[in-house]
>>> print(open('target-v1.tsv').read())   # TSV, C-alpha atoms
chain	number	residue	atom	x	y	z
A	1	MET	CA	71.38	108.35	-98.71
A	2	LYS	CA	71.45	110.51	-95.60
A	3	LYS	CA	74.39	112.86	-95.24
A	4	ARG	CA	77.45	111.51	-93.49
A	5	ILE	CA	77.87	112.60	-89.86
A	6	HIS	CA	81.62	112.64	-89.30
A	7	LEU	CA	83.52	112.09	-86.09
A	8	SER	CA	85.21	115.49	-85.80
A	9	PRO	CA	85.47	117.36	-89.11
A	10	PRO	CA	87.26	120.68	-89.61
A	11	VAL	CA	85.05	123.76	-89.73
A	12	TYR	CA	86.08	126.71	-91.87
A	13	GLU	CA	84.34	130.02	-92.42
A	14	GLN	CA	83.90	130.53	-96.15
A	15	GLY	CA	85.32	133.71	-97.64
A	16	VAL	CA	87.38	134.78	-94.61
A	17	ALA	CA	90.68	136.34	-95.66
A	18	LEU	CA	93.84	135.16	-93.92
A	19	PRO	CA	95.54	137.98	-91.96
A	20	MET	CA	98.77	138.07	-93.92
A	21	SER	CA	100.79	141.23	-94.45
A	22	ILE	CA	103.25	141.92	-97.26
A	23	ASP	CA	104.58	145.14	-95.73
A	24	GLY	CA	108.36	145.13	-95.63
A	25	GLY	CA	108.85	142.23	-98.00
A	26	VAL	CA	107.67	138.66	-98.33
A	27	TYR	CA	110.14	137.04	-95.92
A	28	GLU	CA	109.44	139.58	-93.21
A	29	ALA	CA	105.70	138.99	-93.71
A	30	ILE	CA	106.10	135.23	-93.44
A	31	ASN	CA	107.98	135.58	-90.15
A	32	LYS	CA	105.43	138.11	-88.87
A	33	ASP	CA	102.51	135.72	-89.46
A	34	ILE	CA	104.22	132.92	-87.57
A	35	LEU	CA	105.24	135.15	-84.67
A	36	THR	CA	101.70	136.53	-84.43
A	37	PHE	CA	100.30	133.00	-84.28
A	38	GLU	CA	102.79	132.02	-81.57
A	39	ASN	CA	101.93	135.11	-79.53
A	40	ARG	CA	98.20	134.41	-79.79
A	41	ILE	CA	98.75	130.85	-78.58
A	42	LYS	CA	100.91	132.05	-75.69
A	43	GLU	CA	98.23	134.57	-74.68
A	44	TYR	CA	95.53	131.90	-74.81
A	45	LEU	CA	97.59	129.49	-72.71
A	46	ASN	CA	98.22	132.30	-70.19
A	47	THR	CA	101.78	131.14	-69.69
A	48	ASP	CA	105.23	132.63	-69.12
A	49	LYS	CA	106.71	129.75	-71.08
A	50	GLU	CA	107.78	130.04	-74.70
A	51	VAL	CA	105.93	128.54	-77.66
A	52	VAL	CA	107.28	127.36	-81.01
A	53	ALA	CA	104.97	126.80	-83.98
A	54	LEU	CA	105.91	123.66	-85.93
A	55	ASN	CA	104.28	121.71	-88.75
A	56	SER	CA	102.68	118.96	-86.64
A	57	GLY	CA	102.20	117.60	-83.16
A	58	THR	CA	104.47	114.73	-84.17
A	59	SER	CA	107.38	117.00	-85.04
A	60	SER	CA	106.76	118.85	-81.76
A	61	ILE	CA	107.17	115.62	-79.79
A	62	HIS	CA	110.32	114.79	-81.76
A	63	MET	CA	111.75	118.22	-81.00
A	64	ALA	CA	110.89	117.84	-77.30
A	65	LEU	CA	112.80	114.54	-77.20
A	66	ILE	CA	115.82	116.20	-78.80
A	67	LEU	CA	115.73	119.10	-76.32
A	68	ALA	CA	115.39	116.60	-73.47
A	69	GLY	CA	118.64	114.99	-74.60
A	70	VAL	CA	117.19	111.66	-75.74
A	71	GLN	CA	119.71	109.77	-77.86
A	72	LYS	CA	120.18	106.38	-79.46
A	73	GLY	CA	119.67	103.53	-76.99
A	74	ASP	CA	118.00	105.69	-74.32
A	75	VAL	CA	114.76	104.55	-72.69
A	76	VAL	CA	111.62	106.69	-72.97
A	77	PHE	CA	108.40	105.84	-71.11
A	78	CYS	CA	105.22	106.36	-73.11
A	79	GLN	CA	101.55	105.89	-72.39
A	80	SER	CA	100.39	102.82	-74.29
A	81	MET	CA	96.83	104.12	-74.76
A	82	THR	CA	97.55	106.81	-77.32
A	83	PHE	CA	97.86	107.57	-81.03
A	84	VAL	CA	100.97	106.20	-82.71
A	85	ALA	CA	102.38	109.72	-83.23
A	86	SER	CA	103.14	109.87	-79.50
A	87	ALA	CA	105.50	106.92	-79.78
A	88	ASN	CA	107.02	107.12	-83.26
A	89	PRO	CA	109.39	110.04	-82.47
A	90	ILE	CA	111.05	107.82	-79.86
A	91	LEU	CA	112.12	105.56	-82.71
A	92	TYR	CA	113.19	108.58	-84.78
A	93	GLN	CA	115.82	109.17	-82.09
A	94	GLY	CA	116.88	105.54	-82.05
A	95	ALA	CA	115.61	105.30	-78.47
A	96	VAL	CA	113.68	102.46	-76.84
A	97	PRO	CA	109.99	102.96	-75.96
A	98	VAL	CA	108.67	101.38	-72.78
A	99	PHE	CA	104.88	101.39	-72.63
A	100	VAL	CA	102.81	102.05	-69.51
A	101	ASP	CA	99.19	101.04	-68.91
A	102	SER	CA	96.28	103.38	-68.12
A	103	GLU	CA	94.37	104.03	-64.94
A	104	VAL	CA	90.61	103.48	-64.91
A	105	GLY	CA	89.57	107.01	-63.93
A	106	THR	CA	91.20	109.19	-66.58
A	107	TRP	CA	92.16	106.45	-69.11
A	108	ASN	CA	95.63	108.03	-69.00
A	109	MET	CA	98.98	106.90	-67.61
A	110	SER	CA	98.84	104.86	-64.41
A	111	LEU	CA	101.17	106.05	-61.66
A	112	GLU	CA	101.28	102.51	-60.27
A	113	PHE	CA	102.60	101.02	-63.48
A	114	LEU	CA	104.83	104.03	-64.18
A	115	LYS	CA	106.59	103.27	-60.91
A	116	GLU	CA	106.80	99.56	-61.73
A	117	ALA	CA	108.32	100.35	-65.12
A	118	PHE	CA	110.83	102.73	-63.53
A	119	TYR	CA	112.10	100.32	-60.89
A	120	GLU	CA	112.25	97.38	-63.29
A	121	CYS	CA	114.21	99.43	-65.83
A	122	CYS	CA	116.57	100.69	-63.13
A	123	LYS	CA	117.33	97.08	-62.17
A	124	LYS	CA	118.52	96.63	-65.76
A	125	GLY	CA	120.62	99.79	-65.63
A	126	LYS	CA	118.27	101.76	-67.87
A	127	THR	CA	117.03	104.96	-66.25
A	128	PRO	CA	114.45	106.65	-68.51
A	129	LYS	CA	115.44	109.91	-70.17
A	130	ALA	CA	111.86	111.18	-70.58
A	131	ILE	CA	108.20	110.34	-69.94
A	132	ILE	CA	105.52	111.06	-72.56
A	133	VAL	CA	102.13	111.53	-70.90
A	134	THR	CA	99.02	111.94	-73.08
A	135	SER	CA	95.83	113.83	-72.24
A	136	LEU	CA	93.45	111.37	-73.86
A	137	TYR	CA	90.41	112.84	-75.66
A	138	GLY	CA	90.94	116.14	-73.84
A	139	ILE	CA	91.21	114.96	-70.21
A	140	SER	CA	94.46	115.35	-68.29
A	141	SER	CA	96.35	112.65	-66.48
A	142	ASN	CA	96.65	112.90	-62.70
A	143	MET	CA	99.52	115.30	-63.23
A	144	ASP	CA	100.23	116.14	-59.59
A	145	ALA	CA	101.23	112.59	-58.73
A	146	ILE	CA	103.08	111.92	-61.98
A	147	LEU	CA	104.98	115.21	-61.83
A	148	ALA	CA	105.98	114.64	-58.20
A	149	PHE	CA	107.36	111.20	-59.04
A	150	ALA	CA	109.15	112.42	-62.17
A	151	LYS	CA	110.66	115.39	-60.34
A	152	ALA	CA	111.92	113.16	-57.54
A	153	LYS	CA	113.59	110.92	-60.12
A	154	GLN	CA	114.76	113.87	-62.26
A	155	ILE	CA	112.97	112.71	-65.38
A	156	PRO	CA	111.54	115.36	-67.74
A	157	ILE	CA	107.84	115.14	-68.57
A	158	ILE	CA	106.71	115.65	-72.17
A	159	GLU	CA	103.05	116.59	-71.90
A	160	ASP	CA	101.35	115.35	-75.06
A	161	SER	CA	98.26	117.59	-75.15
A	162	ALA	CA	97.70	117.14	-78.89
A	163	GLU	CA	94.04	116.32	-78.18
A	164	ALA	CA	93.56	118.75	-75.32
A	165	LEU	CA	93.74	122.41	-76.40
A	166	GLY	CA	91.36	124.28	-74.10
A	167	GLY	CA	91.48	121.72	-71.31
A	168	SER	CA	93.07	122.36	-67.91
A	169	TYR	CA	94.22	120.70	-64.71
A	170	GLN	CA	93.90	122.52	-61.39
A	171	GLY	CA	93.33	125.75	-63.31
A	172	GLN	CA	96.43	125.43	-65.50
A	173	LYS	CA	96.08	125.02	-69.25
A	174	LEU	CA	97.16	121.63	-70.57
A	175	SER	CA	100.51	121.69	-72.42
A	176	THR	CA	101.96	124.17	-69.89
A	177	ILE	CA	102.32	121.79	-66.93
A	178	GLY	CA	105.16	119.48	-67.94
A	179	ASP	CA	108.78	120.26	-68.80
A	180	TYR	CA	107.72	120.29	-72.45
A	181	GLY	CA	104.22	120.59	-73.89
A	182	ILE	CA	102.67	119.60	-77.20
A	183	LEU	CA	99.58	120.82	-79.06
A	184	SER	CA	98.19	119.73	-82.43
A	185	PHE	CA	96.26	121.68	-85.05
A	186	ASN	CA	95.46	118.74	-87.27
A	187	LEU	CA	92.24	118.89	-89.31
A	188	ASN	CA	90.19	117.09	-86.64
A	189	LYS	CA	91.24	119.19	-83.65
A	190	ILE	CA	89.41	121.94	-81.69
A	191	VAL	CA	90.92	124.51	-84.05
A	192	THR	CA	92.99	123.69	-87.11
A	193	THR	CA	95.80	125.13	-89.17
A	194	ALA	CA	95.24	122.37	-91.75
A	195	GLY	CA	98.36	120.80	-90.27
A	196	GLY	CA	100.47	122.20	-87.49
A	197	GLY	CA	101.66	121.88	-83.92
A	198	ILE	CA	102.98	123.82	-80.95
A	199	LEU	CA	105.95	123.01	-78.75
A	200	VAL	CA	105.90	124.65	-75.32
A	201	VAL	CA	109.32	125.10	-73.67
A	202	LYS	CA	110.56	126.75	-70.49
A	203	THR	CA	113.22	129.15	-71.78
A	204	ILE	CA	113.98	131.46	-74.69
A	205	GLU	CA	117.20	129.50	-75.23
A	206	GLU	CA	115.21	126.31	-75.79
A	207	LYS	CA	112.90	128.16	-78.16
A	208	GLU	CA	115.81	129.49	-80.20
A	209	LYS	CA	117.38	126.04	-80.37
A	210	ALA	CA	114.08	124.48	-81.46
A	211	ILE	CA	113.60	127.07	-84.22
A	212	SER	CA	117.16	126.52	-85.44
A	213	LEU	CA	116.72	122.75	-85.55
A	214	ALA	CA	113.30	123.12	-87.19
A	215	THR	CA	114.77	125.25	-90.00
A	216	GLN	CA	117.60	122.91	-91.04
A	217	ALA	CA	120.02	124.09	-88.33
A	218	LYS	CA	121.59	126.76	-90.54
A	219	GLU	CA	124.23	128.78	-88.71
A	220	ASN	CA	123.78	132.56	-88.60
A	221	LEU	CA	126.16	133.33	-91.43
A	222	ASN	CA	125.78	134.88	-94.88
A	223	TYR	CA	126.31	131.48	-96.49
A	224	TYR	CA	124.86	128.03	-95.83
A	225	HIS	CA	126.81	126.43	-93.00
A	226	HIS	CA	125.56	123.45	-90.97
A	227	GLU	CA	127.19	121.82	-87.96
A	228	THR	CA	124.34	119.55	-86.86
A	229	VAL	CA	121.40	117.70	-88.36
A	230	GLY	CA	118.36	119.90	-88.81
A	231	TYR	CA	114.76	119.33	-89.87
A	232	ASN	CA	112.10	120.95	-92.02
A	233	TYR	CA	109.65	121.29	-89.12
A	234	ARG	CA	108.69	125.01	-89.01
A	235	ILE	CA	105.01	125.79	-89.60
A	236	GLY	CA	104.14	127.39	-92.93
A	237	HIS	CA	102.94	131.00	-92.87
A	238	LEU	CA	99.68	130.12	-94.65
A	239	ASN	CA	98.98	127.59	-91.91
A	240	ALA	CA	99.86	130.15	-89.27
A	241	GLY	CA	97.51	132.66	-90.91
A	242	LEU	CA	94.69	130.13	-90.82
A	243	GLY	CA	95.50	129.47	-87.17
A	244	ILE	CA	95.15	133.16	-86.31
A	245	VAL	CA	91.65	133.13	-87.80
A	246	GLN	CA	90.70	129.80	-86.22
A	247	LEU	CA	91.73	130.88	-82.72
A	248	LYS	CA	88.93	133.44	-82.77
A	249	LYS	CA	86.53	130.48	-82.79
A	250	ILE	CA	88.03	128.49	-79.95
A	251	GLY	CA	85.49	129.70	-77.38
A	252	SER	CA	82.48	128.83	-79.51
A	253	ASN	CA	84.04	125.52	-80.58
A	254	LEU	CA	84.61	124.51	-76.97
A	255	LYS	CA	81.00	125.39	-76.13
A	256	SER	CA	79.80	123.23	-79.03
A	257	LYS	CA	81.93	120.31	-77.83
A	258	LYS	CA	80.44	120.66	-74.35
A	259	VAL	CA	76.91	120.65	-75.80
A	260	ASN	CA	77.77	117.36	-77.51
A	261	PHE	CA	79.07	115.91	-74.24
A	262	HIS	CA	75.90	116.83	-72.35
A	263	PHE	CA	73.80	115.38	-75.15
A	264	TYR	CA	75.55	112.02	-74.80
A	265	SER	CA	75.37	112.23	-71.01
A	266	SER	CA	71.60	112.56	-71.25
A	267	LEU	CA	71.30	109.92	-73.97
A	268	PHE	CA	73.11	107.23	-71.97
A	269	GLU	CA	72.15	108.14	-68.40
A	270	ASP	CA	69.38	105.50	-68.24
A	271	ILE	CA	71.21	102.80	-70.20
A	272	ASP	CA	72.93	100.32	-67.91
A	273	GLY	CA	76.39	99.26	-68.93
A	274	VAL	CA	77.37	102.38	-70.92
A	275	ILE	CA	79.76	104.78	-69.20
A	276	LEU	CA	80.65	108.17	-70.67
A	277	HIS	CA	84.27	109.26	-70.36
A	278	LYS	CA	84.30	112.35	-68.13
A	279	GLU	CA	86.37	114.34	-65.68
A	280	PRO	CA	86.98	112.36	-62.46
A	281	SER	CA	86.96	115.47	-60.24
A	282	ASP	CA	86.80	119.26	-60.25
A	283	ASP	CA	90.59	119.36	-60.74
A	284	PHE	CA	90.00	118.39	-64.36
A	285	VAL	CA	88.41	120.46	-67.13
A	286	SER	CA	88.06	118.61	-70.42
A	287	ASN	CA	87.84	120.26	-73.83
A	288	HIS	CA	85.51	117.38	-74.81
A	289	TRP	CA	87.41	116.97	-78.07
A	290	LEU	CA	85.79	113.58	-78.59
A	291	SER	CA	82.96	112.19	-76.47
A	292	ALA	CA	83.67	108.52	-75.81
A	293	ILE	CA	81.90	105.65	-74.08
A	294	LEU	CA	82.86	102.36	-72.48
A	295	VAL	CA	80.42	99.49	-73.02
A	296	ASP	CA	79.95	96.56	-70.62
A	297	ALA	CA	78.03	93.94	-72.61
A	298	SER	CA	77.26	91.98	-69.44
A	299	LYS	CA	75.04	94.88	-68.35
A	300	THR	CA	73.59	95.96	-71.71
A	301	GLY	CA	71.78	92.74	-72.50
A	302	GLY	CA	74.64	91.60	-74.72
A	303	ILE	CA	74.92	94.77	-76.81
A	304	THR	CA	78.60	95.42	-77.52
A	305	ARG	CA	80.70	98.35	-78.59
A	306	GLU	CA	80.71	96.92	-82.09
A	307	ASP	CA	76.91	96.61	-82.14
A	308	ILE	CA	76.65	100.33	-81.39
A	309	ARG	CA	79.23	101.22	-84.02
A	310	LEU	CA	77.47	99.17	-86.69
A	311	ALA	CA	74.05	100.59	-85.78
A	312	LEU	CA	75.38	104.09	-86.24
A	313	GLU	CA	77.19	103.17	-89.45
A	314	LYS	CA	73.95	101.77	-90.86
A	315	ASP	CA	72.57	105.30	-90.58
A	316	ASN	CA	75.75	106.78	-92.17
A	317	ILE	CA	77.04	108.03	-88.81
A	318	GLU	CA	80.75	107.71	-88.15
A	319	SER	CA	82.05	106.40	-84.84
A	320	ARG	CA	85.37	104.78	-84.07
A	321	PRO	CA	86.98	102.46	-81.49
A	322	LEU	CA	89.38	104.03	-79.02
A	323	TRP	CA	93.07	104.09	-79.85
A	324	LYS	CA	94.60	100.64	-80.19
A	325	PRO	CA	97.28	100.52	-77.47
A	326	MET	CA	100.85	100.78	-78.65
A	327	HIS	CA	101.97	97.51	-77.08
A	328	MET	CA	99.30	95.74	-79.15
A	329	GLN	CA	100.55	97.24	-82.42
A	330	PRO	CA	102.70	95.00	-84.65
A	331	LEU	CA	105.26	97.83	-84.84
A	332	TYR	CA	105.73	97.83	-81.07
A	333	LYS	CA	104.89	94.28	-79.99
A	334	ASP	CA	108.48	93.47	-79.01
A	335	TYR	CA	108.97	96.47	-76.71
A	336	PRO	CA	108.42	96.35	-72.94
A	337	TYR	CA	104.98	96.99	-71.47
A	338	TYR	CA	103.99	97.36	-67.82
A	339	GLY	CA	100.35	97.06	-66.87
A	340	ASN	CA	97.28	94.99	-66.13
A	341	LYS	CA	95.41	95.17	-69.45
A	342	VAL	CA	93.38	98.25	-68.54
A	343	CYS	CA	94.06	99.87	-71.90
A	344	GLU	CA	93.30	96.59	-73.68
A	345	THR	CA	89.87	96.58	-72.05
A	346	LEU	CA	89.37	100.20	-73.09
A	347	PHE	CA	90.25	99.40	-76.69
A	348	GLU	CA	88.02	96.33	-76.84
A	349	ASN	CA	84.99	98.08	-75.32
A	350	GLY	CA	85.40	101.80	-76.00
A	351	LEU	CA	83.87	103.92	-78.76
A	352	CYS	CA	84.37	107.53	-79.87
A	353	LEU	CA	81.14	109.24	-80.93
A	354	PRO	CA	80.48	112.08	-83.40
A	355	SER	CA	81.70	115.25	-81.67
A	356	GLY	CA	82.14	117.90	-84.34
A	357	SER	CA	81.77	121.53	-83.35
A	358	ASN	CA	79.37	121.77	-86.31
A	359	LEU	CA	77.09	118.97	-85.08
A	360	THR	CA	73.49	120.18	-85.44
A	361	ASP	CA	70.35	119.42	-83.46
A	362	ALA	CA	69.17	117.37	-86.44
A	363	ASP	CA	72.43	115.38	-86.36
A	364	ARG	CA	72.02	114.72	-82.66
A	365	ASP	CA	68.42	113.61	-83.25
A	366	ARG	CA	69.63	111.06	-85.82
A	367	ILE	CA	72.25	109.75	-83.42
A	368	SER	CA	69.67	109.52	-80.64
A	369	VAL	CA	67.21	107.59	-82.80
A	370	SER	CA	69.91	105.12	-83.87
A	371	ILE	CA	71.00	104.45	-80.29
A	372	LYS	CA	67.49	104.23	-78.84
A	373	THR	CA	66.37	101.91	-81.64
A	374	LEU	CA	69.28	99.57	-80.94
A	375	PHE	CA	68.64	99.46	-77.19
A	376	SER	CA	64.88	99.01	-77.59
A	377	LYS	CA	65.21	95.70	-79.45
>>> encode(input="target-v1.tsv", output="structure tokens")
Amino acid sequence: MKKRIHLSPPVYEQGVALPMSIDGGVYEAINKDILTFENRIKEYLNTDKEVVALNSGTSSIHMALILAGVQKGDVVFCQSMTFVASANPILYQGAVPVFVDSEVGTWNMSLEFLKEAFYECCKKGKTPKAIIVTSLYGISSNMDAILAFAKAKQIPIIEDSAEALGGSYQGQKLSTIGDYGILSFNLNKIVTTAGGGILVVKTIEEKEKAISLATQAKENLNYYHHETVGYNYRIGHLNAGLGIVQLKKIGSNLKSKKVNFHFYSSLFEDIDGVILHKEPSDDFVSNHWLSAILVDASKTGGITREDIRLALEKDNIESRPLWKPMHMQPLYKDYPYYGNKVCETLFENGLCLPSGSNLTDADRDRISVSIKTLFSK
């Protein structure tokens, strides 16, 4: 059997030592590794904001909701077209998610339906406490318009850039645009810590509060004293050490992702009915985390998204449908949704293609042969 071509596998350099120091004692070394990782991230993002290294993108979203003051019974708007980790922390807080449809251009949150959701909720006496906006597959939302609306209504924006490290909007790195920003270092991301996340906040006070809450909210005393609920959310120092090493590869990884994108652009340019997800204007710079297509079977001679997926799978090549929208999930089916089924169409007809930074020319040749064979029938 041919080797498996995965969607977006982690890439590690064998035999590379993690940059961990033991000078000054083990606890000092642990803290030093984490602080170094945070500083490297802050430098890469080119931001004056503060960054907090946590153990996942999910915990980072949860912490952002806490800092934004979201409590039990509050309403939080969330993009429906996203991974479930964007929405689950809303339930952690006992809050109520309200899901918003996508726009066609970016596949991200629609300003039109965001406004509809806002005014309908206000009629019911429920002003949202936060808005979670996702940068899907590495492309930003139309942040100018969304930020202007949110600012006018005094609603904090939580910028879920878990998929978008390295991307930007109008020259500003994603995760640094909203009131709070999120990054993920899960195994399948641009760089990995084998599990980890970053929370971007505006002030040192918010950073200190986040660190306290992420380390069980222990008061600064010589005995264990707790006045509020805390969490075990701080990143581990081994993960931080791996992150320091991985960040050295971010430039080359982004270049590899872009090579993959251009490969798919060339592969599908003469195939009617297949549209590659790409930046809608020069304001957007994608990290091309995953290259994804939208398939219109009425223009492909009846070939569907699923036909493409199965053709690739037959050759042991992994591909995967786009995220199933949150309002279609059994967990969230009873929560409000505002939209016009754009994200449902994306889910039914969209496909993520192999996009690993270790994808070889031979891998791309196999993918090309599978696709061309299918469309030549």
>>> residues_around(input="target-v1.tsv", residues="range 115-117 of chain A", least_positions_apart="3", cutoff="10 Å", atoms="all atoms listed in the file", output="PyMOL selection string")
chain A and resi 77+98-101+110-112+120-122+127-128+146+149-150+336-339
>>> residues_near_point(input="target-v1.tsv", point="(76.1, 93.5, -71.3)", cutoff="12 Å", atoms="all atoms listed in the file", output="ChimeraX atom specification")
/A:271-274,294-305,307,349,375
>>> closest_residue(input="target-v1.tsv", among="A:Lys248, A:Lys153, A:Arg309, A:Lys173", to="Val285 in chain A", atoms="all atoms listed in the file")
A:Lys173
>>> atom_distance(input="target-v1.tsv", atom1="CA of Lys333 in chain A", atom2="CA of Trp289 in chain A")
28.7 Å
>>> residues_near_point(input="target-v1.tsv", point="(115.2, 113.1, -62.6)", cutoff="12 Å", atoms="only C-alpha atoms", output="list in words")
Ala68, Phe118, Thr127, Pro128, Lys129, Ala130, Ile131, Leu147, Ala148, Phe149, Ala150, Lys151, Ala152, Lys153, Gln154, Ile155, Pro156, Ile157 and Asp179 of chain A
>>> closest_residue(input="target-v1.tsv", among="A:Cys352, A:Phe261, A:Ile367, A:Asp334", to="Glu306 in chain A", atoms="only C-alpha atoms")
A:Cys352
>>> atom_distance(input="target-v1.tsv", atom1="CA of Val11 in chain A", atom2="CA of Gly195 in chain A")
13.6 Å
>>> residues_around(input="target-v1.tsv", residues="Ile317 in chain A", least_positions_apart="2", cutoff="8 Å", atoms="all atoms listed in the file", output="list of chain:residue names")
A:Arg4, A:Ile5, A:His6, A:Leu312, A:Glu313, A:Lys314, A:Asp315, A:Ser319, A:Pro354, A:Ile367
>>> residues_around(input="target-v1.tsv", residues="Ala214 in chain A", least_positions_apart="2", cutoff="8 Å", atoms="only C-alpha atoms", output="list in words")
Leu54, Ala210, Ile211, Ser212, Gln216, Ala217, Gly230, Tyr231, Asn232, Tyr233 and Arg234 of chain A
>>> closest_residue(input="target-v1.tsv", among="A:Asp283, A:Asp144, A:Glu163, A:Glu205", to="Ile190 in chain A", atoms="all atoms listed in the file")
A:Glu163
>>> closest_residue(input="target-v1.tsv", among="A:Ser140, A:Thr203, A:Ser8, A:Asn108", to="Asp48 in chain A", atoms="all atoms listed in the file")
A:Thr203
>>> residues_around(input="target-v1.tsv", residues="Leu242 in chain A", least_positions_apart="2", cutoff="6 Å", atoms="all atoms listed in the file", output="VMD selection string")
chain A and resid 18 193 239 to 240 244 to 245
>>> atom_distance(input="target-v1.tsv", atom1="CA of Asn340 in chain A", atom2="CA of Glu103 in chain A")
9.6 Å
>>> residues_around(input="target-v1.tsv", residues="range 358-364 of chain A", least_positions_apart="6", cutoff="12 Å", atoms="all atoms listed in the file", output="number ranges by chain")
A: 2-13, 188, 190, 249, 252-264, 266-267, 312, 315-318, 370-371
>>> write_last_selection(input="target-v1.tsv", atoms="C-alpha atoms", output="short mmCIF file (atom, residue, chain, number, x, y, z; two decimals), in the coordinates of the input")
data_model
loop_
_atom_site.label_atom_id
_atom_site.label_comp_id
_atom_site.auth_asym_id
_atom_site.auth_seq_id
_atom_site.Cartn_x
_atom_site.Cartn_y
_atom_site.Cartn_z
CA LYS A 2 71.45 110.51 -95.60
CA LYS A 3 74.39 112.86 -95.24
CA ARG A 4 77.45 111.51 -93.49
CA ILE A 5 77.87 112.60 -89.86
CA HIS A 6 81.62 112.64 -89.30
CA LEU A 7 83.52 112.09 -86.09
CA SER A 8 85.21 115.49 -85.80
CA PRO A 9 85.47 117.36 -89.11
CA PRO A 10 87.26 120.68 -89.61
CA VAL A 11 85.05 123.76 -89.73
CA TYR A 12 86.08 126.71 -91.87
CA GLU A 13 84.34 130.02 -92.42
CA ASN A 188 90.19 117.09 -86.64
CA ILE A 190 89.41 121.94 -81.69
CA LYS A 249 86.53 130.48 -82.79
CA SER A 252 82.48 128.83 -79.51
CA ASN A 253 84.04 125.52 -80.58
CA LEU A 254 84.61 124.51 -76.97
CA LYS A 255 81.00 125.39 -76.13
CA SER A 256 79.80 123.23 -79.03
CA LYS A 257 81.93 120.31 -77.83
CA LYS A 258 80.44 120.66 -74.35
CA VAL A 259 76.91 120.65 -75.80
CA ASN A 260 77.77 117.36 -77.51
CA PHE A 261 79.07 115.91 -74.24
CA HIS A 262 75.90 116.83 -72.35
CA PHE A 263 73.80 115.38 -75.15
CA TYR A 264 75.55 112.02 -74.80
CA SER A 266 71.60 112.56 -71.25
CA LEU A 267 71.30 109.92 -73.97
CA LEU A 312 75.38 104.09 -86.24
CA ASP A 315 72.57 105.30 -90.58
CA ASN A 316 75.75 106.78 -92.17
CA ILE A 317 77.04 108.03 -88.81
CA GLU A 318 80.75 107.71 -88.15
CA SER A 370 69.91 105.12 -83.87
CA ILE A 371 71.00 104.45 -80.29
#
>>> closest_residue(input="target-v1.tsv", among="A:Leu91, A:Val76, A:Ile182, A:Val200", to="Gly57 in chain A", atoms="only C-alpha atoms")
A:Ile182
>>> decode(input="target-v1.tsv", residues="range 279-317 of chain A", atoms="C-alpha atoms", output="compact mmCIF listing (two decimals), in the first residue's frame")
# COMPACT_ATOMS: atom_id res chain seq x y z
CA GLU A 279 -7.90 35.91 -0.05
CA PRO A 280 -10.67 38.18 -1.39
CA SER A 281 -8.39 41.24 -1.65
CA ASP A 282 -4.92 42.56 -0.91
CA ASP A 283 -6.08 43.46 2.62
CA PHE A 284 -5.87 39.77 3.46
CA VAL A 285 -2.76 37.58 3.78
CA SER A 286 -3.52 33.93 4.48
CA ASN A 287 -1.14 31.51 6.17
CA HIS A 288 -2.67 28.82 3.90
CA TRP A 289 -2.94 26.49 6.89
CA LEU A 290 -5.29 24.24 4.92
CA SER A 291 -6.02 24.62 1.21
CA ALA A 292 -9.75 24.09 0.70
CA ILE A 293 -12.11 23.94 -2.27
CA LEU A 294 -15.81 24.45 -2.90
CA VAL A 295 -17.38 22.10 -5.45
CA ASP A 296 -20.43 22.96 -7.59
CA ALA A 297 -21.62 19.62 -9.00
CA SER A 298 -23.87 21.39 -11.50
CA LYS A 299 -20.71 22.65 -13.24
CA THR A 300 -18.41 19.63 -12.78
CA GLY A 301 -20.48 17.16 -14.75
CA GLY A 302 -22.00 15.79 -11.56
CA ILE A 303 -18.75 15.22 -9.67
CA THR A 304 -19.32 16.10 -6.01
CA ARG A 305 -17.18 16.96 -3.03
CA GLU A 306 -17.64 13.40 -1.82
CA ASP A 307 -16.53 11.95 -5.17
CA ILE A 308 -13.27 13.88 -4.86
CA ARG A 309 -12.77 12.80 -1.27
CA LEU A 310 -13.34 9.13 -2.10
CA ALA A 311 -11.04 9.28 -5.14
CA LEU A 312 -8.26 10.61 -2.97
CA GLU A 313 -8.98 8.11 -0.21
CA LYS A 314 -8.74 5.27 -2.73
CA ASP A 315 -5.12 6.34 -3.23
CA ASN A 316 -4.56 6.58 0.56
CA ILE A 317 -4.69 10.39 0.51
